[in-house]
Each structure stands twice: as C-alpha cells, then as structure tokens.
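Data block below; observations after.
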Amino acid sequence: MKKIYGNRRLLSTLAGMRESGRTAHSLIFYGEKGSGRKLIADHYAAQLMCEAPVNGEPCGVCLSCRNVANMNHPDVIYVPTEGKLEGYTVKIARSVIKDAIVKPNNETGRKVYIFRDCRKMSTTTQNMLLKLIEEPPDHAYFIFTAESKYEFLPTIISRCVCFGVSPCTEEESEQALLESGFESSDVKAAVRCFHGNIGMCTEYISDTELRKRVDLTKRLADSIIGKDEYGLNLTLFSLGSSRNDIREVLSMTDKLFRDCAVLKREPDADMIGCYKEGAEQLSRMVTSNQAVRLHDRIERAWGAMEANVFPPLVLATLSAEIIEIVR
C-alpha cells in the first residue's frame, strides 16, 4: 500500500476507530487538491476490509489489502460519475441505494462505497442519499472526498464524521518525491511552488500543462505588480475558455493574494502560493484591505463562471477590477 506522509493524528484516530470496533459508517475527507484525501479514503477502506489488522492499521499483505491497493476489491466500490459534468447523478444514487442492501461475501462482512471528488454534488442527489447515510445497512460504509466539507448539505455533514486532510511539511514532501525517483532539481522546483502538497508537486513534475498554468499565474502576478492592464488582459485572454484551466489559475492567484495578506502581518509566515517572490512584492505595494478586495474579486469571478457567464467577459471584467484596486 502507498505510504502516507503527514496527517499522523488523523491516521491515529482512524486506527483507533478500527481497533475499538467503532468504525464510522459515513465519513467525509476534505482538503485541497493533491493533499492526499483520496489516498486516506483508500487507506480507511483498507482498514475496514483488512483480514488481520495490526493495531487498527491494515496489514498490507492479506488478499483484501492487496485487492484494495490494486483498486479491484469486489466490495470496495468506486462510485462512477456520468454526464457532461461528470457528476453523481440521481440515476447513480438510485443504483447505490439499490446495491447497498445486498450483503457482501467476504471475511469482514463489509461493503464500502467511495464517492471521489464530490464538488458540486447536486442537492437532489444528496437528498436522495440522505436516508441511506442516516440509516445504513450494518454492512455498508460510505466515504466521500471533496475540497471542502461545505460542498455538502448541512444534513449530510451532520450525519458524517468529517476529517480535514492537510498537506505535509516541505521536508516530508521532498522525501516522498525523492523516494518516488524524481530528480532532486525537479523536486526542489516543485516544492517551491506547491510546498507540502505531494500530489500537486508530483503533477507539477510530470505534467507540462500544470507548469504552463503556474507560469501563467506568475505572469498575472507580475502584471499586477507592474500595474500593467494590457499585460494582465493578454495573460487572462491566453487562458481561453477552459473552465478547468481558469479555475486552477484563479485558485493559484487567490493563494498569492492570501500570502500577500498574511505577509502584511507576519513577514516570516509560511507561504501556500506558487510564487513567493511575487507575493512578497505584492505585500509591499498593497494594503491588507486591498488584498481582501482582490480575493473578493477572484471569488466573484469564479462565481460568475459557475453561473455560465461567458469566460472572456468574466476575465476582462476581473482584469479591470484588479487594476482599479492596485492603482
């Protein structure tokens, strides 16, 4: 099974639940992309299915553990998405409800359903699953992962045990990447951008498209620092109409604004953004209030994107608003 770095308290809690026999039937693991929430969801599934757990931890060698690690355990179901938006539809929810009453045929007598990336799971789908989560069959377990637990309705949250998954330290991230066989120079460049987020560091090294998005984010920051409205417009225009690309670049830009605001109060604070030098320059030229307003404009722009406003129009408006704030 894959080694998990960081989140020692969370892992200890999960092991204690398994050891005491008080395993939760419905859990939400939430955290930023790349933080390891899916990996920990798989780890909890292995704990539930392991035939010979050691102090609540999966043994890693039994048939069940091997099957979970290979994602081919017949009673660990990765619930599929469907449709243009690749979401969890009402049809999918109905199939889970129907299947959940069927008892499993394995040593532990458990069946696990994993819902990955529940961003924007519809209210209808959540309400349909509510009764199942509230009164699950004794053998059924449900694991949800998302960037935020507030992707879910309060009624769902109140019936689940919620755990936040955090990035590890930069030292642990470097260790993990080096142990994965990456070159030291690539590892250092990745950790400078994504710090203790092993998933995003790994993607940065292996995915040229992510490196391009990081470069675009840095160009955006440089345009803002230079109060260059033309350069800012040009960079935003180069994002095109891909909502995934726009969302990621806006998210990385927002983290720079967060770093900028934090640096105003704590000059030695740890950064979470991909451009430390840019955040430091921004912190010297904008006030805390301006940093908050910049964050607000990013949030508003993404809200417009979610509401299907034409992307170039949203980005042109965002550019004008940002320049107005920093002038």
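Ligands are numbered from 1 in the order shown, chains are lettered A, B, ... in the order of the structure tokens, and residues start at 1 in each chain.
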
**Item:** All strand (DSSP E) positions in range 47-293 of chain A, as a list in words
**Value:**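 Those in range 47-293 of chain A that DSSP calls strand (DSSP E) are Val76, Ile77, Tyr78, Lys111, Val112, Tyr113, Ile114, Phe115, Ala140, Tyr141, Phe142, Ile143, Phe144, Thr145, Ala146, Val161, Cys162, Phe163 and Gly164 of chain A.
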
**Message:** Residues near Val249 in chain A, anyone? I mean within 9 Å using only C-alpha atoms, not counting same-chain ones fewer than 5 positions away, as an MDAnalysis selection string.
**Reply:** chainID A and resid 213:214 216:217 239 244 254

Store the residues picked out above in a file with N, CA and C atoms, as a short mmCIF file (atom, residue, chain, number, x, y, z; two decimals), in the first residue's frame.
```
data_model
loop_
_atom_site.label_atom_id
_atom_site.label_comp_id
_atom_site.auth_asym_id
_atom_site.auth_seq_id
_atom_site.Cartn_x
_atom_site.Cartn_y
_atom_site.Cartn_z
N ARG A 213 0.39 26.48 -16.48
CA ARG A 213 -0.57 27.25 -15.67
C ARG A 213 0.14 27.99 -14.54
N VAL A 214 1.17 27.36 -13.97
CA VAL A 214 1.96 28.05 -12.95
C VAL A 214 2.64 29.27 -13.55
N LEU A 216 1.65 30.99 -16.11
CA LEU A 216 0.62 32.00 -16.36
C LEU A 216 0.28 32.74 -15.07
N THR A 217 0.20 32.01 -13.96
CA THR A 217 -0.10 32.64 -12.67
C THR A 217 0.99 33.64 -12.30
N LEU A 239 -5.80 32.20 -21.38
CA LEU A 239 -6.40 31.05 -20.70
C LEU A 239 -7.47 30.38 -21.55
N ASN A 244 -11.70 24.45 -16.41
CA ASN A 244 -10.75 23.80 -15.51
C ASN A 244 -9.46 24.60 -15.42
N ASP A 254 -5.38 33.40 -6.28
CA ASP A 254 -6.02 33.72 -5.00
C ASP A 254 -5.08 33.37 -3.84
#
```

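Shortest atom-to-atom contact with Ile40 in chain A among A:Lys103, A:Arg22, A:Arg243, A:Arg116: A:Arg116, counting only C-alpha atoms.
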
List the neighbours of range 174-182 of chain A out to 12 Å using only C-alpha atoms; skip same-chain residues closer than 5 positions along the sequence, and give me the result as a PDB file with N, CA and C atoms, in the first residue's frame.
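What landed in around.pdb:
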```pdb
ATOM      1  N   LYS A   2       0.367   2.334  -0.577  1.00  0.00           N
ATOM      2  CA  LYS A   2       1.138   3.558  -0.666  1.00  0.00           C
ATOM      3  C   LYS A   2       1.380   4.153   0.713  1.00  0.00           C
ATOM      4  N   LYS A   3       2.589   4.674   0.886  1.00  0.00           N
ATOM      5  CA  LYS A   3       2.931   5.320   2.148  1.00  0.00           C
ATOM      6  C   LYS A   3       2.255   6.675   2.232  1.00  0.00           C
ATOM      7  N   ILE A   4       1.740   6.987   3.419  1.00  0.00           N
ATOM      8  CA  ILE A   4       1.089   8.283   3.638  1.00  0.00           C
ATOM      9  C   ILE A   4       2.003   9.147   4.486  1.00  0.00           C
ATOM     10  N   TYR A   5       2.268  10.358   4.021  1.00  0.00           N
ATOM     11  CA  TYR A   5       3.119  11.296   4.752  1.00  0.00           C
ATOM     12  C   TYR A   5       2.230  12.326   5.448  1.00  0.00           C
ATOM     13  N   GLY A   6       2.630  12.720   6.652  1.00  0.00           N
ATOM     14  CA  GLY A   6       1.856  13.708   7.394  1.00  0.00           C
ATOM     15  C   GLY A   6       0.545  13.141   7.916  1.00  0.00           C
ATOM     16  N   CYS A 168       1.499  17.934   3.989  1.00  0.00           N
ATOM     17  CA  CYS A 168       2.542  17.634   4.973  1.00  0.00           C
ATOM     18  C   CYS A 168       3.584  18.758   4.973  1.00  0.00           C
ATOM     19  N   THR A 169       4.686  18.565   5.652  1.00  0.00           N
ATOM     20  CA  THR A 169       5.746  19.575   5.665  1.00  0.00           C
ATOM     21  C   THR A 169       6.515  19.530   4.342  1.00  0.00           C
ATOM     22  N   VAL A 187      12.463  18.141  -7.905  1.00  0.00           N
ATOM     23  CA  VAL A 187      11.790  18.120  -6.606  1.00  0.00           C
ATOM     24  C   VAL A 187      11.829  19.495  -5.965  1.00  0.00           C
ATOM     25  N   LYS A 188      12.983  20.134  -5.979  1.00  0.00           N
ATOM     26  CA  LYS A 188      13.118  21.448  -5.347  1.00  0.00           C
ATOM     27  C   LYS A 188      12.227  22.476  -6.042  1.00  0.00           C
ATOM     28  N   ALA A 189      12.162  22.422  -7.376  1.00  0.00           N
ATOM     29  CA  ALA A 189      11.316  23.360  -8.123  1.00  0.00           C
ATOM     30  C   ALA A 189       9.846  23.139  -7.789  1.00  0.00           C
ATOM     31  N   ALA A 190       9.457  21.873  -7.672  1.00  0.00           N
ATOM     32  CA  ALA A 190       8.055  21.554  -7.365  1.00  0.00           C
ATOM     33  C   ALA A 190       7.684  22.009  -5.969  1.00  0.00           C
ATOM     34  N   VAL A 191       8.566  21.765  -5.005  1.00  0.00           N
ATOM     35  CA  VAL A 191       8.272  22.124  -3.609  1.00  0.00           C
ATOM     36  C   VAL A 191       8.236  23.642  -3.439  1.00  0.00           C
ATOM     37  N   ARG A 192       9.029  24.375  -4.226  1.00  0.00           N
ATOM     38  CA  ARG A 192       8.966  25.846  -4.177  1.00  0.00           C
ATOM     39  C   ARG A 192       7.579  26.336  -4.563  1.00  0.00           C
ATOM     40  N   PHE A 194       4.573  24.213  -4.677  1.00  0.00           N
ATOM     41  CA  PHE A 194       3.429  23.575  -4.026  1.00  0.00           C
ATOM     42  C   PHE A 194       3.735  23.038  -2.621  1.00  0.00           C
ATOM     43  N   HIS A 195       4.925  23.339  -2.118  1.00  0.00           N
ATOM     44  CA  HIS A 195       5.255  23.136  -0.710  1.00  0.00           C
ATOM     45  C   HIS A 195       5.000  21.693  -0.249  1.00  0.00           C
ATOM     46  N   GLY A 196       4.116  21.496   0.732  1.00  0.00           N
ATOM     47  CA  GLY A 196       3.888  20.160   1.282  1.00  0.00           C
ATOM     48  C   GLY A 196       2.774  19.393   0.613  1.00  0.00           C
ATOM     49  N   ASN A 197       2.297  19.888  -0.517  1.00  0.00           N
ATOM     50  CA  ASN A 197       1.222  19.207  -1.244  1.00  0.00           C
ATOM     51  C   ASN A 197       1.856  18.218  -2.227  1.00  0.00           C
ATOM     52  N   ILE A 198       2.007  16.969  -1.775  1.00  0.00           N
ATOM     53  CA  ILE A 198       2.734  15.974  -2.571  1.00  0.00           C
ATOM     54  C   ILE A 198       2.054  15.713  -3.907  1.00  0.00           C
ATOM     55  N   GLY A 199       0.734  15.645  -3.900  1.00  0.00           N
ATOM     56  CA  GLY A 199       0.012  15.382  -5.136  1.00  0.00           C
ATOM     57  C   GLY A 199       0.264  16.440  -6.193  1.00  0.00           C
ATOM     58  N   MET A 200       0.193  17.716  -5.795  1.00  0.00           N
ATOM     59  CA  MET A 200       0.416  18.796  -6.750  1.00  0.00           C
ATOM     60  C   MET A 200       1.886  18.884  -7.150  1.00  0.00           C
ATOM     61  N   CYS A 201       2.799  18.588  -6.221  1.00  0.00           N
ATOM     62  CA  CYS A 201       4.229  18.558  -6.563  1.00  0.00           C
ATOM     63  C   CYS A 201       4.496  17.492  -7.619  1.00  0.00           C
ATOM     64  N   THR A 202       3.903  16.326  -7.426  1.00  0.00           N
ATOM     65  CA  THR A 202       4.072  15.229  -8.379  1.00  0.00           C
ATOM     66  C   THR A 202       3.525  15.618  -9.746  1.00  0.00           C
ATOM     67  N   GLU A 203       2.352  16.250  -9.744  1.00  0.00           N
ATOM     68  CA  GLU A 203       1.740  16.664 -11.006  1.00  0.00           C
ATOM     69  C   GLU A 203       2.583  17.741 -11.690  1.00  0.00           C
ATOM     70  N   TYR A 204       3.160  18.643 -10.895  1.00  0.00           N
ATOM     71  CA  TYR A 204       3.988  19.708 -11.457  1.00  0.00           C
ATOM     72  C   TYR A 204       5.192  19.126 -12.205  1.00  0.00           C
ATOM     73  N   ILE A 205       5.801  18.104 -11.626  1.00  0.00           N
ATOM     74  CA  ILE A 205       6.971  17.492 -12.254  1.00  0.00           C
ATOM     75  C   ILE A 205       6.599  16.756 -13.535  1.00  0.00           C
ATOM     76  N   SER A 206       5.458  16.091 -13.515  1.00  0.00           N
ATOM     77  CA  SER A 206       5.109  15.188 -14.618  1.00  0.00           C
ATOM     78  C   SER A 206       4.170  15.792 -15.664  1.00  0.00           C
TER      79      SER A 206
END
```

Fewer than 4 positions away in the same chain doesn't count, so skip those; otherwise give me all residues within 7 Å of Asp222 in chain A, counting only C-alpha atoms, as an mmCIF file with N, CA and C atoms, in the first residue's frame.
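Generated output (around-v1.cif):
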```cif
data_model
loop_
_atom_site.group_PDB
_atom_site.id
_atom_site.type_symbol
_atom_site.label_atom_id
_atom_site.label_comp_id
_atom_site.auth_asym_id
_atom_site.auth_seq_id
_atom_site.Cartn_x
_atom_site.Cartn_y
_atom_site.Cartn_z
ATOM 1 N N LYS A 218 2.237 33.283 -12.547
ATOM 2 C CA LYS A 218 3.348 34.188 -12.245
ATOM 3 C C LYS A 218 3.296 35.417 -13.158
ATOM 4 N N GLY A 226 3.247 45.275 -11.787
ATOM 5 C CA GLY A 226 3.616 46.378 -12.677
ATOM 6 C C GLY A 226 2.443 47.265 -13.063
ATOM 7 N N GLY A 278 6.663 36.910 -5.869
ATOM 8 C CA GLY A 278 5.552 37.759 -6.279
ATOM 9 C C GLY A 278 4.695 38.173 -5.104
#
```

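In terms of minimum interatomic distance to Gly36 in chain A, A:Leu10 ranks closest within A:Val314, A:Leu10, A:Leu294, A:Met305, counting only C-alpha atoms.
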
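What separates CA of Ala279 in chain A from CA of Asp296 in chain A is a distance of 16.9 Å.
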
Skipping near chain neighbours, those fewer than 2 positions away, what residues fall within 12 Å of Thr287 in chain A using only C-alpha atoms, listed as a JSON list (two decimals) with C-alpha atoms, in the first residue's frame?
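In the end it all went to around-v1.json:
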```json
[["chain", "number", "residue", "atom", "x", "y", "z"],
["A", 257, "PHE", "CA", -3.32, 37.22, -2.58],
["A", 260, "CYS", "CA", 0.27, 38.78, 0.39],
["A", 261, "ALA", "CA", -2.28, 39.48, 3.16],
["A", 262, "VAL", "CA", -0.52, 37.15, 5.61],
["A", 263, "LEU", "CA", 2.88, 38.72, 4.91],
["A", 264, "LYS", "CA", 1.47, 42.11, 5.85],
["A", 265, "ARG", "CA", 1.06, 40.78, 9.40],
["A", 281, "GLN", "CA", 6.38, 42.22, -3.84],
["A", 282, "LEU", "CA", 2.59, 42.45, -3.69],
["A", 283, "SER", "CA", 2.69, 42.69, 0.11],
["A", 284, "ARG", "CA", 4.90, 45.78, -0.17],
["A", 285, "MET", "CA", 2.56, 47.58, -2.56],
["A", 289, "ASN", "CA", -7.81, 45.83, 2.76],
["A", 290, "GLN", "CA", -6.74, 45.78, -0.90],
["A", 291, "ALA", "CA", -5.60, 42.15, -0.55],
["A", 292, "VAL", "CA", -9.03, 41.22, 0.80],
["A", 293, "ARG", "CA", -10.71, 43.06, -2.08],
["A", 294, "LEU", "CA", -8.52, 41.20, -4.59],
["A", 325, "ILE", "CA", -7.77, 48.14, -6.81],
["A", 326, "VAL", "CA", -3.96, 48.25, -7.09],
["A", 327, "ARG", "CA", -3.71, 51.71, -8.65]]
```

**Message:** Need to verify the contact set: Lys276 in chain A, 9 Å, only C-alpha atoms, exclusion of same-chain residues closer than 4 positions in sequence. Can you return it as a PyMOL selection string?
**Reply:** chain A and resi 192-193+256+259+271-272+280-281

**Nearest-residue call for Ala24 in chain A, choices A:Ile323, A:Leu234, A:Ala140, A:Ile97, using only C-alpha atoms** =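 For Ala24 in chain A, the nearest of the candidates is A:Ala140.
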
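Interatomic distance, CA of Ala304 in chain A to CA of Thr89 in chain A: 23.2 Å.
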
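If you count only C-alpha atoms and ignore residues fewer than 2 places along the chain from Ala100 in chain A, what sits within 10 Å of it is A:Arg94, A:Ser95, A:Val96, A:Ile97, A:Lys98, A:Val102, A:Lys103, A:Pro104, A:Lys111, A:Val112, A:Tyr113, A:Leu132, A:Pro136, A:Pro137, A:His139, A:Ala140, A:Tyr141, A:Phe142.
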
**Request:** Run DSSP on the backbone of this structure and report the residues of range 6-205 of chain A it assigns to alpha helix (DSSP H), as an MDAnalysis selection string.
**Result:** chainID A and resid 8:20 37:49 63:69 90:100 123:134 154:157 170:179 184:194 198:205

**Asked** Of the residues A:Val68, A:Leu210, A:Val161, A:Ile224, which is the one nearest to Glu324 in chain A, using only C-alpha atoms?
**Response** A:Ile224

**Request:** Please measure the separation of CA of Glu277 in chain A and CA of Asp207 in chain A, giving the value in Å to one decimal.
**Result:**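 The value is 23.0 Å.
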
**Which residue of A:Val165, A:Cys118, A:Ala46, A:Leu315 approaches Arg247 in chain A most closely, using only C-alpha atoms** =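 When distances to Arg247 in chain A are compared using only C-alpha atoms, the smallest one comes from A:Leu315.
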
**Request:** Can you work out which one of A:Asn72, A:Thr81, A:Ser35, A:Asn105 has the shortest atom-to-atom distance to Thr125 in chain A, counting only C-alpha atoms?
**Result:**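 Residue with the minimum atom-to-atom distance to Thr125 in chain A: A:Thr81.
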